[in-house]
Structure formats: structure tokens, C-alpha cells
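Shown here: data04.tsv, TSV, C-alpha atoms.
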```tsv
chain	number	residue	atom	x	y	z
A	24	MET	CA	257.40	109.01	67.90
A	25	SER	CA	258.51	106.99	64.85
A	26	SER	CA	255.11	105.31	64.63
A	27	ASN	CA	253.31	108.67	64.70
A	28	HIS	CA	255.60	110.01	61.99
A	29	GLU	CA	254.87	106.96	59.82
A	30	ASP	CA	251.12	107.42	60.32
A	31	VAL	CA	251.31	111.07	59.26
A	32	SER	CA	253.46	110.15	56.26
A	33	SER	CA	250.98	107.45	55.24
A	34	GLN	CA	248.05	109.86	55.55
A	35	GLN	CA	249.86	112.43	53.41
A	36	GLN	CA	250.61	109.78	50.81
A	37	THR	CA	246.96	108.70	50.73
A	38	ALA	CA	245.79	112.31	50.38
A	39	LEU	CA	248.21	112.93	47.48
A	40	HIS	CA	247.18	109.71	45.76
A	41	LEU	CA	243.48	110.53	46.10
A	42	LEU	CA	244.04	114.06	44.84
A	43	PHE	CA	245.88	112.71	41.80
A	44	ILE	CA	243.21	110.07	41.09
A	45	VAL	CA	240.35	112.54	41.37
A	46	GLY	CA	242.14	115.09	39.18
A	47	LEU	CA	243.02	112.54	36.50
A	48	SER	CA	239.58	110.96	36.47
A	49	LEU	CA	237.82	114.34	36.39
A	50	ALA	CA	239.97	115.47	33.46
A	51	TYR	CA	239.28	112.24	31.56
A	52	GLU	CA	235.52	112.19	32.22
A	53	SER	CA	235.19	115.86	31.28
A	54	LEU	CA	236.31	115.04	27.74
A	55	PHE	CA	233.15	113.05	27.10
A	56	VAL	CA	230.46	115.10	28.85
A	57	SER	CA	229.68	117.17	25.76
A	58	ASN	CA	230.82	114.65	23.16
A	59	GLY	CA	229.59	111.29	21.97
A	60	PHE	CA	226.00	110.32	21.43
A	61	ASN	CA	224.11	107.06	21.85
A	62	PRO	CA	220.57	107.60	20.54
A	63	LEU	CA	219.19	104.58	22.43
A	64	ASP	CA	220.99	103.85	25.70
A	65	ASP	CA	222.06	107.43	26.36
A	66	SER	CA	218.72	109.01	25.52
A	67	TRP	CA	216.28	106.51	26.95
A	68	PRO	CA	216.44	107.69	30.59
A	69	ILE	CA	215.69	111.24	29.41
A	70	TYR	CA	212.75	110.04	27.32
A	71	ALA	CA	211.43	107.95	30.21
A	72	LEU	CA	211.69	110.95	32.53
A	73	TRP	CA	209.73	113.12	30.10
A	74	ASN	CA	206.94	110.54	30.15
A	75	LEU	CA	206.94	110.55	33.95
A	76	GLU	CA	206.79	114.35	33.99
A	77	ALA	CA	203.80	114.11	31.64
A	78	GLY	CA	201.90	112.06	34.23
A	79	GLY	CA	202.96	108.51	33.43
A	80	THR	CA	203.49	105.83	36.09
A	81	LEU	CA	206.80	104.04	36.36
A	82	TYR	CA	206.53	100.37	35.31
A	83	ARG	CA	202.97	100.87	34.08
A	84	ASP	CA	203.28	103.59	31.45
A	85	VAL	CA	207.05	104.09	31.51
A	86	LEU	CA	208.97	100.88	30.79
A	87	TRP	CA	212.53	99.67	30.19
A	88	VAL	CA	213.87	101.40	33.29
A	89	PHE	CA	215.87	98.91	35.31
A	90	PRO	CA	216.18	99.64	38.17
A	91	PRO	CA	214.36	102.89	39.04
A	92	GLY	CA	217.45	104.66	40.41
A	93	HIS	CA	218.76	104.79	36.85
A	94	LEU	CA	216.42	107.75	36.32
A	95	ILE	CA	217.79	109.85	39.20
A	96	PRO	CA	220.68	111.44	37.23
A	97	ALA	CA	218.26	112.22	34.38
A	98	TRP	CA	215.74	113.69	36.84
A	99	ILE	CA	218.35	115.95	38.45
A	100	GLY	CA	219.76	116.97	35.08
A	101	TYR	CA	216.30	117.73	33.69
A	102	HIS	CA	215.31	119.97	36.58
A	103	LEU	CA	218.64	121.81	36.62
A	104	ALA	CA	218.91	122.40	32.87
A	105	PRO	CA	216.33	120.86	30.49
A	106	PRO	CA	216.36	118.61	28.57
A	107	GLY	CA	218.77	117.10	31.10
A	108	LEU	CA	221.29	115.13	29.04
A	109	PHE	CA	224.27	117.32	29.94
A	110	GLY	CA	223.40	117.36	33.66
A	111	ALA	CA	222.88	113.59	33.68
A	112	ARG	CA	226.29	113.08	32.09
A	113	VAL	CA	227.94	115.24	34.72
A	114	ILE	CA	226.43	112.99	37.40
A	115	TYR	CA	227.46	109.85	35.49
A	116	GLY	CA	230.99	111.24	35.37
A	117	ALA	CA	230.92	111.88	39.11
A	118	PHE	CA	229.95	108.24	39.68
A	119	ALA	CA	232.89	107.14	37.52
A	120	VAL	CA	235.29	109.35	39.50
A	121	ALA	CA	233.90	107.93	42.75
A	122	SER	CA	234.47	104.40	41.44
A	123	CYS	CA	238.15	105.18	40.83
A	124	VAL	CA	238.45	106.47	44.40
A	125	GLY	CA	236.64	103.40	45.74
A	126	LEU	CA	238.94	101.12	43.74
A	127	TYR	CA	241.99	102.79	45.30
A	128	LEU	CA	240.64	102.52	48.84
A	129	LEU	CA	239.73	98.87	48.27
A	130	GLY	CA	243.14	98.22	46.78
A	131	ARG	CA	244.81	99.66	49.88
A	132	ARG	CA	243.24	96.79	51.87
A	133	LEU	CA	244.86	94.24	49.56
A	134	MET	CA	248.27	95.63	48.60
A	135	PRO	CA	250.65	98.57	49.13
A	136	ALA	CA	249.59	102.10	48.22
A	137	ARG	CA	251.71	102.24	45.07
A	138	PHE	CA	249.90	99.28	43.53
A	139	ALA	CA	246.48	100.50	44.65
A	140	LEU	CA	247.29	103.75	42.84
A	141	PHE	CA	248.31	101.69	39.80
A	142	ALA	CA	244.88	100.00	39.64
A	143	ALA	CA	242.98	103.26	40.13
A	144	VAL	CA	244.96	105.09	37.42
A	145	LEU	CA	244.30	102.27	34.95
A	146	ALA	CA	240.58	102.54	35.71
A	147	ALA	CA	240.65	106.33	35.44
A	148	VAL	CA	241.75	106.21	31.78
A	149	ALA	CA	239.94	103.02	30.72
A	150	ALA	CA	237.25	102.35	28.12
A	151	PRO	CA	237.67	105.32	25.75
A	152	ASP	CA	235.28	103.98	23.09
A	153	SER	CA	232.57	103.09	25.62
A	154	HIS	CA	232.98	106.51	27.23
A	155	LEU	CA	232.47	108.25	23.91
A	156	MET	CA	229.40	106.09	23.18
A	157	HIS	CA	228.16	106.38	26.79
A	158	THR	CA	227.53	102.65	27.25
A	159	ILE	CA	229.21	101.93	30.60
A	160	PHE	CA	226.17	101.78	32.86
A	161	GLY	CA	227.45	99.02	35.15
A	162	TYR	CA	230.78	100.83	35.50
A	163	ARG	CA	229.03	103.99	36.72
A	164	TYR	CA	227.40	102.37	39.72
A	165	LEU	CA	230.24	100.12	40.91
A	166	ILE	CA	230.92	102.53	43.77
A	167	PHE	CA	228.06	101.05	45.82
A	168	SER	CA	229.42	97.52	45.68
A	169	MET	CA	232.89	98.89	46.48
A	170	LEU	CA	231.50	100.60	49.58
A	171	ALA	CA	229.93	97.30	50.62
A	172	LEU	CA	233.29	95.55	50.22
A	173	LEU	CA	235.02	98.31	52.18
A	174	ALA	CA	232.50	97.85	54.98
A	175	TYR	CA	233.33	94.13	54.97
A	176	ALA	CA	237.01	95.05	55.20
A	177	ARG	CA	236.17	97.01	58.35
A	178	ARG	CA	234.32	93.97	59.68
A	179	ILE	CA	237.53	91.95	59.25
A	180	GLU	CA	239.71	94.64	60.83
A	181	THR	CA	237.48	95.35	63.83
A	182	ASP	CA	235.78	91.95	64.30
A	183	ASP	CA	232.52	93.91	64.57
A	184	VAL	CA	229.69	92.11	62.78
A	185	ARG	CA	227.69	95.34	62.53
A	186	TRP	CA	229.88	96.36	59.62
A	187	LEU	CA	228.23	93.60	57.61
A	188	ALA	CA	224.88	95.32	58.19
A	189	VAL	CA	226.48	98.47	56.78
A	190	ALA	CA	227.65	96.41	53.80
A	191	GLY	CA	224.09	95.20	53.34
A	192	LEU	CA	222.81	98.79	53.37
A	193	TRP	CA	225.20	99.71	50.57
A	194	LEU	CA	224.13	96.66	48.58
A	195	GLY	CA	220.51	97.69	48.97
A	196	VAL	CA	221.22	101.25	47.85
A	197	GLY	CA	223.29	100.00	44.92
A	198	ALA	CA	220.54	97.64	43.79
A	199	PHE	CA	218.28	100.66	43.43
A	200	PHE	CA	220.66	101.85	40.68
A	201	ARG	CA	222.02	98.66	39.08
A	202	LEU	CA	221.44	95.03	40.04
A	203	GLY	CA	224.43	93.31	38.44
A	204	PRO	CA	227.34	94.77	40.45
A	205	VAL	CA	225.63	94.45	43.84
A	206	PHE	CA	224.41	90.92	43.14
A	207	ALA	CA	228.01	90.00	42.31
A	208	ALA	CA	229.28	91.71	45.47
A	209	GLY	CA	226.62	89.92	47.54
A	210	CYS	CA	227.85	86.59	46.19
A	211	GLY	CA	231.40	87.55	47.04
A	212	LEU	CA	230.51	88.59	50.59
A	213	GLY	CA	228.47	85.46	51.20
A	214	VAL	CA	231.32	83.14	50.19
A	215	ALA	CA	233.94	85.31	51.93
A	216	VAL	CA	232.05	84.86	55.21
A	217	MET	CA	232.32	81.10	54.75
A	218	SER	CA	236.06	81.35	54.12
A	219	MET	CA	236.50	83.54	57.21
A	220	HIS	CA	234.75	81.17	59.65
A	221	ARG	CA	234.59	77.42	60.04
A	222	ASP	CA	231.55	77.29	62.33
A	223	PRO	CA	228.19	77.40	60.45
A	224	ARG	CA	226.74	79.38	63.36
A	225	ASP	CA	229.20	82.18	62.54
A	226	TRP	CA	228.11	82.01	58.91
A	227	ALA	CA	224.47	82.39	59.95
A	228	ARG	CA	225.28	85.35	62.23
A	229	ASP	CA	227.21	87.22	59.54
A	230	TRP	CA	224.68	86.39	56.81
A	231	ALA	CA	221.88	87.63	59.06
A	232	ALA	CA	223.65	90.96	59.60
A	233	LEU	CA	224.21	91.32	55.86
A	234	ALA	CA	220.58	90.44	55.11
A	235	LEU	CA	219.35	92.91	57.73
A	236	GLY	CA	221.10	95.76	55.97
A	237	ILE	CA	219.78	94.71	52.55
A	238	LEU	CA	216.20	94.33	53.79
A	239	ALA	CA	216.29	97.74	55.48
A	240	ILE	CA	216.48	99.20	51.95
A	241	PHE	CA	214.54	96.57	50.02
A	242	VAL	CA	211.42	96.30	52.17
A	243	PRO	CA	210.35	99.96	51.68
A	244	LEU	CA	211.02	99.65	47.95
A	245	LEU	CA	208.98	96.45	47.68
A	246	LEU	CA	206.12	98.03	49.63
A	247	TRP	CA	206.16	100.99	47.26
A	248	ALA	CA	206.12	98.62	44.27
A	249	ALA	CA	203.29	96.53	45.69
A	250	VAL	CA	201.15	99.62	46.26
A	251	THR	CA	201.83	101.31	42.91
A	252	VAL	CA	202.21	98.76	40.10
A	253	GLY	CA	202.47	95.37	41.80
A	254	LEU	CA	205.40	93.07	42.51
A	255	ASP	CA	204.80	91.10	39.30
A	256	SER	CA	205.42	94.24	37.22
A	257	ILE	CA	208.61	95.01	39.12
A	258	TRP	CA	209.90	91.47	38.56
A	259	ARG	CA	209.03	91.60	34.87
A	260	GLU	CA	210.63	94.99	34.21
A	261	ILE	CA	213.73	94.70	36.41
A	262	VAL	CA	214.61	91.01	36.08
A	263	SER	CA	212.73	89.16	33.33
A	264	ARG	CA	212.96	91.67	30.51
A	265	PRO	CA	216.67	92.52	30.97
A	266	ALA	CA	217.50	88.79	31.14
A	267	LEU	CA	215.50	88.11	27.98
A	268	MET	CA	217.12	91.09	26.27
A	269	ASP	CA	220.60	89.78	27.05
A	270	TRP	CA	219.67	86.35	25.74
A	271	ARG	CA	218.15	87.75	22.52
A	272	GLN	CA	221.14	90.02	21.98
A	273	SER	CA	223.79	87.43	22.81
A	274	LEU	CA	227.10	87.72	20.98
A	275	PRO	CA	229.98	85.21	20.82
A	276	PHE	CA	233.52	86.07	21.84
A	277	PRO	CA	235.10	88.21	19.11
A	278	GLU	CA	237.63	86.39	16.97
A	279	ILE	CA	241.27	86.96	17.81
A	280	VAL	CA	243.08	88.16	14.70
A	281	PHE	CA	246.59	89.48	15.24
A	282	PRO	CA	247.05	92.58	13.08
A	283	ASP	CA	249.35	92.36	10.09
A	284	THR	CA	250.56	95.87	10.77
A	285	TRP	CA	251.17	97.84	13.95
A	286	HIS	CA	248.33	100.22	13.18
A	287	ARG	CA	246.90	101.42	16.51
A	288	VAL	CA	243.27	100.73	15.57
A	289	HIS	CA	243.95	97.13	14.54
A	290	LEU	CA	246.20	96.52	17.52
A	291	ARG	CA	243.49	97.84	19.82
A	292	GLN	CA	240.87	95.52	18.29
A	293	TRP	CA	243.18	92.56	18.86
A	294	PHE	CA	243.80	93.61	22.46
A	295	VAL	CA	240.07	93.94	23.20
A	296	SER	CA	239.38	90.49	21.73
A	297	LEU	CA	242.23	89.00	23.73
A	298	GLN	CA	240.85	90.36	27.00
A	299	PHE	CA	237.72	88.19	26.84
A	300	ARG	CA	239.91	85.07	27.14
A	301	ALA	CA	242.70	86.49	29.31
A	302	ILE	CA	240.32	87.74	31.98
A	303	TRP	CA	238.76	84.30	32.44
A	304	LEU	CA	242.27	82.88	32.77
A	305	LEU	CA	242.91	85.50	35.46
A	306	TYR	CA	239.80	84.54	37.45
A	307	GLY	CA	240.50	80.82	36.95
A	308	GLY	CA	244.07	81.23	38.16
A	309	TYR	CA	242.94	83.10	41.26
A	310	PHE	CA	240.32	80.43	41.94
A	311	MET	CA	243.01	77.75	42.07
A	312	ALA	CA	245.35	79.93	44.14
A	313	LEU	CA	242.65	80.82	46.68
A	314	VAL	CA	241.46	77.21	47.00
A	315	TRP	CA	245.03	76.05	47.56
A	316	SER	CA	245.60	78.79	50.14
A	317	TYR	CA	242.39	77.86	51.98
A	318	VAL	CA	243.21	74.14	51.97
A	319	ARG	CA	246.65	74.84	53.42
A	320	ALA	CA	245.16	77.02	56.17
A	321	TYR	CA	242.59	74.33	56.95
A	322	ARG	CA	245.21	71.59	57.18
A	323	GLU	CA	247.41	73.73	59.40
A	324	ARG	CA	244.42	74.65	61.59
A	325	ARG	CA	244.91	78.37	61.20
A	326	SER	CA	242.59	81.12	60.05
A	327	PHE	CA	242.31	81.84	56.35
A	328	ALA	CA	244.16	85.11	55.77
A	329	GLN	CA	242.46	86.43	52.63
A	330	PRO	CA	238.66	86.56	52.97
A	331	LEU	CA	238.55	90.06	51.45
A	332	LEU	CA	240.44	88.82	48.40
A	333	VAL	CA	237.84	86.04	48.05
A	334	ALA	CA	235.07	88.65	48.10
A	335	VAL	CA	236.84	90.82	45.49
A	336	TRP	CA	237.59	87.82	43.28
A	337	LEU	CA	234.00	86.56	43.26
A	338	TRP	CA	232.59	90.09	42.91
A	339	GLY	CA	234.55	90.61	39.72
A	340	GLY	CA	234.04	87.07	38.42
A	341	VAL	CA	230.27	87.00	38.81
A	342	PHE	CA	229.91	90.46	37.31
A	343	PHE	CA	232.07	89.46	34.37
A	344	LEU	CA	229.69	86.58	33.57
A	345	ARG	CA	227.75	89.14	31.52
A	346	SER	CA	230.53	88.87	28.94
A	347	LEU	CA	229.47	85.28	28.21
A	348	THR	CA	226.12	86.42	26.81
A	349	ARG	CA	226.99	89.85	25.42
A	350	SER	CA	230.62	89.58	24.34
A	351	ASP	CA	231.04	93.11	23.06
A	352	GLU	CA	233.31	95.92	24.15
A	353	PRO	CA	230.74	97.88	26.22
A	354	HIS	CA	229.99	94.84	28.40
A	355	LEU	CA	233.70	94.14	28.74
A	356	ASP	CA	234.38	97.74	29.75
A	357	SER	CA	231.53	97.88	32.26
A	358	ALA	CA	233.14	95.10	34.27
A	359	ILE	CA	236.76	96.20	33.87
A	360	PRO	CA	237.50	97.97	37.23
A	361	PRO	CA	237.37	94.73	39.31
A	362	VAL	CA	239.50	93.07	36.63
A	363	LEU	CA	242.12	95.80	36.92
A	364	LEU	CA	242.16	95.52	40.71
A	365	LEU	CA	242.73	91.76	40.59
A	366	SER	CA	245.27	92.04	37.76
A	367	VAL	CA	247.35	94.58	39.66
A	368	HIS	CA	247.14	92.44	42.78
A	369	GLY	CA	248.57	89.61	40.70
A	370	VAL	CA	251.42	91.85	39.53
A	371	TYR	CA	252.08	92.87	43.13
A	372	SER	CA	252.14	89.23	44.30
A	373	VAL	CA	254.62	88.22	41.59
A	374	THR	CA	256.82	91.26	42.25
A	375	ARG	CA	256.85	90.54	45.97
A	376	ARG	CA	257.89	86.92	45.41
A	377	ILE	CA	260.65	87.87	42.98
A	378	GLY	CA	261.88	90.60	45.32
A	379	THR	CA	262.01	88.14	48.22
A	380	SER	CA	263.87	85.50	46.21
A	381	LEU	CA	266.41	88.04	44.89
A	382	ASP	CA	266.73	89.73	48.30
A	383	TRP	CA	266.03	93.26	47.05
A	384	ASN	CA	266.58	96.06	49.51
A	385	SER	CA	263.74	98.51	50.14
A	386	ASN	CA	265.18	101.21	47.88
A	387	GLY	CA	265.73	98.84	44.97
A	388	ARG	CA	262.28	97.34	45.40
A	389	ALA	CA	260.71	100.82	45.34
A	390	TRP	CA	262.38	101.73	42.05
A	391	VAL	CA	261.38	98.43	40.44
A	392	GLU	CA	257.78	98.96	41.55
A	393	ARG	CA	257.75	102.52	40.21
A	394	GLY	CA	259.01	101.24	36.88
A	395	ILE	CA	256.29	98.60	36.76
A	396	VAL	CA	253.57	101.15	37.51
A	397	VAL	CA	254.76	103.68	34.91
A	398	SER	CA	255.35	101.09	32.19
A	399	GLY	CA	252.05	99.35	32.98
A	400	VAL	CA	250.03	102.56	32.64
A	401	ALA	CA	251.87	103.47	29.43
A	402	LEU	CA	251.22	100.02	27.95
A	403	TRP	CA	247.52	100.20	28.90
A	404	ILE	CA	247.13	103.59	27.21
A	405	PHE	CA	249.05	102.42	24.14
A	406	MET	CA	247.10	99.18	23.68
A	407	HIS	CA	243.74	100.92	24.07
A	408	ALA	CA	244.88	103.87	21.93
A	409	THR	CA	243.46	106.11	24.64
A	410	ASP	CA	245.75	108.95	23.60
A	411	THR	CA	244.17	108.98	20.12
A	412	TRP	CA	240.66	109.41	21.55
A	413	ILE	CA	241.53	112.45	23.66
A	414	PRO	CA	242.32	114.85	20.77
A	415	TYR	CA	239.27	113.46	18.94
A	416	ALA	CA	237.06	114.36	21.90
A	417	ARG	CA	238.72	117.78	22.23
A	418	ARG	CA	237.99	118.52	18.58
A	419	GLY	CA	234.30	117.91	19.30
A	420	GLY	CA	234.05	114.40	17.90
A	421	ASN	CA	230.44	113.13	17.95
A	422	PRO	CA	229.02	116.21	19.70
A	423	ILE	CA	225.64	116.05	21.42
```
Show how you would write the structure in this file as C-alpha cells.
Amino acid sequence: MSSNHEDVSSQQQTALHLLFIVGLSLAYESLFVSNGFNPLDDSWPIYALWNLEAGGTLYRDVLWVFPPGHLIPAWIGYHLAPPGLFGARVIYGAFAVASCVGLYLLGRRLMPARFALFAAVLAAVAAPDSHLMHTIFGYRYLIFSMLALLAYARRIETDDVRWLAVAGLWLGVGAFFRLGPVFAAGCGLGVAVMSMHRDPRDWARDWAALALGILAIFVPLLLWAAVTVGLDSIWREIVSRPALMDWRQSLPFPEIVFPDTWHRVHLRQWFVSLQFRAIWLLYGGYFMALVWSYVRAYRERRSFAQPLLVAVWLWGGVFFLRSLTRSDEPHLDSAIPPVLLLSVHGVYSVTRRIGTSLDWNSNGRAWVERGIVVSGVALWIFMHATDTWIPYARRGGNPI
């Protein structure tokens, strides 16, 4: 009876958390649907769609669309209400809301619900400048890589390798929209499989299931490309040109200059610059901690307990590599949700250790954790000056 009551209570808590996350994220995203304008990145999908509607062929007449799924929101928006920019932004906002939900569900596999909520709330109010300029393309499509990681979590929980095929399917679907996040998640899953098993035959079995799911999506797409414009055109437009663009537009890390005054704008600029270094310290610290944990498990001849954490760590780390070539705020913001998930996991791990050493009771621990969550969200909003962007958006700043 007690177990059933706890299950119901946990389900109610999850439902309330999800309702809060969706409501908060919807309210935040709605501020930017009709405001902010990026004449290049924001308008290009609409322009490309117009050329397709005029009879052009994708990757022959219509270029700089990588990958093709990037046009789907524009296509839906155009056919619902031409010219389509408002409708596309509504769909982009829905993807962002879904990413916050996915981050929470993924966080629940790694830490208690309160901390998973912490990470999702931080993501729900992140990147105000990039939202207003509509430059968070990678951020929008993170949900597909999160679904792949959640499928891998089910593979761990059920010991059913078929869940890796499901993960591969989500990677294939995600690659149709954006290559970077799903490539990073694929790297994370591949290495996580190696940390989960010691027998190379188990690696091959799990990798084969993952590849089967990916190929189920990729083979039809490659056949379509071969018949229409050729595989060489697809490679050039989806891989070569974006890579060359990043190299030509490379930017160094912004200089860290601590503001002389506590003006919010200057403080925010310092905080953004600091993140480029601090995030690499975060991933480096987790690399050492995970290696040490794996070595201990290997020496003690027991199973490694954190393969999902390995996948999440490498997913975020590989995706954040884009900041080494384009060290500007939009590229930082696009990769921020995995950073927030790992950062909050670090806070949870430290809090748990301190609580154990000080022998906190459950009630005391709960109040400390609530204080950490509230103060952490408040500090995040303050340092990003998110509260100053909201009235600006409400007043119609940078309208379409």
C-alpha cells in the first residue's frame, strides 16, 4: 500500500513539474514570437521556401538549407498564414518548449525531481538576447537528441537492446533537422555503450541496433538525394559549406573584463564571456570524475553505474565544440541546455555529499535543496538580465 501511494505521489509531482515547465516556457517563448528580427538567419528559410514554391529544386536551385528539415516550420507557416514567418516562429517556440520538457525527463534519470526541475527552469528562461535575435537553431532541435538519450535510458532500465534501435530512429529524425546535436548524441551513445559493457561483442550488438535505427531513416533520405540532386550535392550543401562557413567566420573567445560598475548590461557581458571558459572546466572536471569512477568499477570488478551520465556528458561536450570556432553568444546559447543539465547534476552531487557528511535529516535536506533551486534560478536571471528583456519585448522591441 505504501509503495502504491509513493508511486501516485511521484506521478502527481511529475505532472505538476511538467505543467509548470510547459507554462513557464510557453510564456517566455511567446514574448519573442512577434518581436525581434534577424534579416539573414531568421528570414533565409522563408526566402528558400518561396524559391521552392516558385519551382526551384532543393540543393540545385535553392541552397544554404542545412539540413532539409529546417524548412519544415517555414513550409507549415507559409501555408497556414503567408508569408510564414509568424507561423514558423510558433513552431520554433514549440520545439524550445519540448526541449525543456525533454531536459526535465532526462534529468529525472540522473537526479531527484527537484534538481531536474531546476535544470529545466534554467533552460526555460535562458538566452534572452539570442531569443530576441532568433539565432538559437541548434537549441530548437535538441529535443530529438534528448529523445534518443531517453531511449538509451530505457535500454539501461529494461536491458532490452531494441531501445537502442529506437534511439537510432530519433537520431535519424533529428539529423533531418540539425546535424550537430544528433552527431554529438551519437558520439555519447557510442562511448556510453563501451562504458556499460566490457565484452566487445556486446559493443557490436548495441552499436548494430543503434545503426539499424539510424539507417532506417537515412537510407530513404539518401535514395531521395541520389535520385534528385546527387549525393555529392547533399554532402557539399549539408556538410562542406557549413564547415567552411564556420571556419571563415571563426571568432576567438571574448575577453573577460570585469565591469567597473554593477550595471546589469556590463555584468551580463562579463558573465557571458566567463561561461566560455567555465563550461570547458565543467566538462573537463566531469571527464576526470567519470574516468576515475570507471577505473574504480573496473578494479573492483563491478558494473559501471553511470553509462547514461557518460552519454549526457559527451553529448554536451561534443556539441559545445562549436564554441571553439564561433565563440559568440548565439553559439554559446544554442548549446546551453546540456550545460545546464550537467551543471545542476554537479550541484546535486555536491549537495548530496555535504548532506551525507553533515547527517542532514530528510526535512532539512529538502529545505536546503529548495533554497538552492530558488537562489540558483534568481542568480541565473540576474546575471543574464533576463528580467530586463521581458518588458522590452512586451513594449514591442524590434518588432517584425
Per residue of segment 254-341 of chain A within 12 Å of segment 358-370 of chain A, which atom pair is closest and at what distance in Å (one decimal), using all atoms listed in the file, listed by chain and increasing number, as a tab-separated table?
```
residue	atom	partner	partner_atom	distance
A:Val295	CA	A:Ile359	CA	11.4
A:Gln298	CA	A:Ile359	CA	9.9
A:Phe299	CA	A:Ile359	CA	10.7
A:Ala301	CA	A:Val362	CA	10.3
A:Ile302	CA	A:Val362	CA	7.1
A:Trp303	CA	A:Val362	CA	9.7
A:Leu304	CA	A:Ser366	CA	10.9
A:Leu305	CA	A:Ser366	CA	7.3
A:Tyr306	CA	A:Leu365	CA	8.4
A:Gly307	CA	A:Leu365	CA	11.7
A:Gly308	CA	A:Gly369	CA	9.8
A:Tyr309	CA	A:Gly369	CA	8.6
A:Phe310	CA	A:Leu365	CA	11.7
A:Ala312	CA	A:Gly369	CA	10.8
A:Leu331	CA	A:Leu365	CA	11.8
A:Leu332	CA	A:Leu365	CA	8.7
A:Val333	CA	A:Leu365	CA	10.6
A:Ala334	CA	A:Pro361	CA	10.9
A:Val335	CA	A:Pro361	CA	7.3
A:Trp336	CA	A:Leu365	CA	7.0
A:Leu337	CA	A:Pro361	CA	9.7
A:Trp338	CA	A:Pro361	CA	7.6
A:Gly339	CA	A:Pro361	CA	5.0
A:Gly340	CA	A:Val362	CA	8.3
A:Val341	CA	A:Ala358	CA	9.7
```
- Task: Within 12 Å of Ala71 of chain A, counting only C-alpha atoms, which residues show up once you throw out same-chain ones fewer than 5 positions away? Write them as a ChimeraX atom specification, please.
- Result: /A:63-66,76-89,91,93-95,97-98,101,106-107
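Those residues that approach segment 148-150 of chain A to within 9 Å, counting all atoms listed in the file, are Leu47, Ser48, Tyr51, Glu52, Ile159, Glu352, Pro353, Leu355, Asp356, Ser357, Ile359, Pro360, Trp403, Ile404, His407 and Thr409 of chain A; same-chain residues fewer than 6 positions away are not listed.
Minimum distance to Asp229 of chain A across A:Phe281, A:Asp182, A:Val318, A:Leu246 (counting only C-alpha atoms) occurs at A:Asp182.
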Correct to one decimal, the distance atom CA of Gly197 of chain A-atom CA of Tyr164 of chain A is 7.0 Å
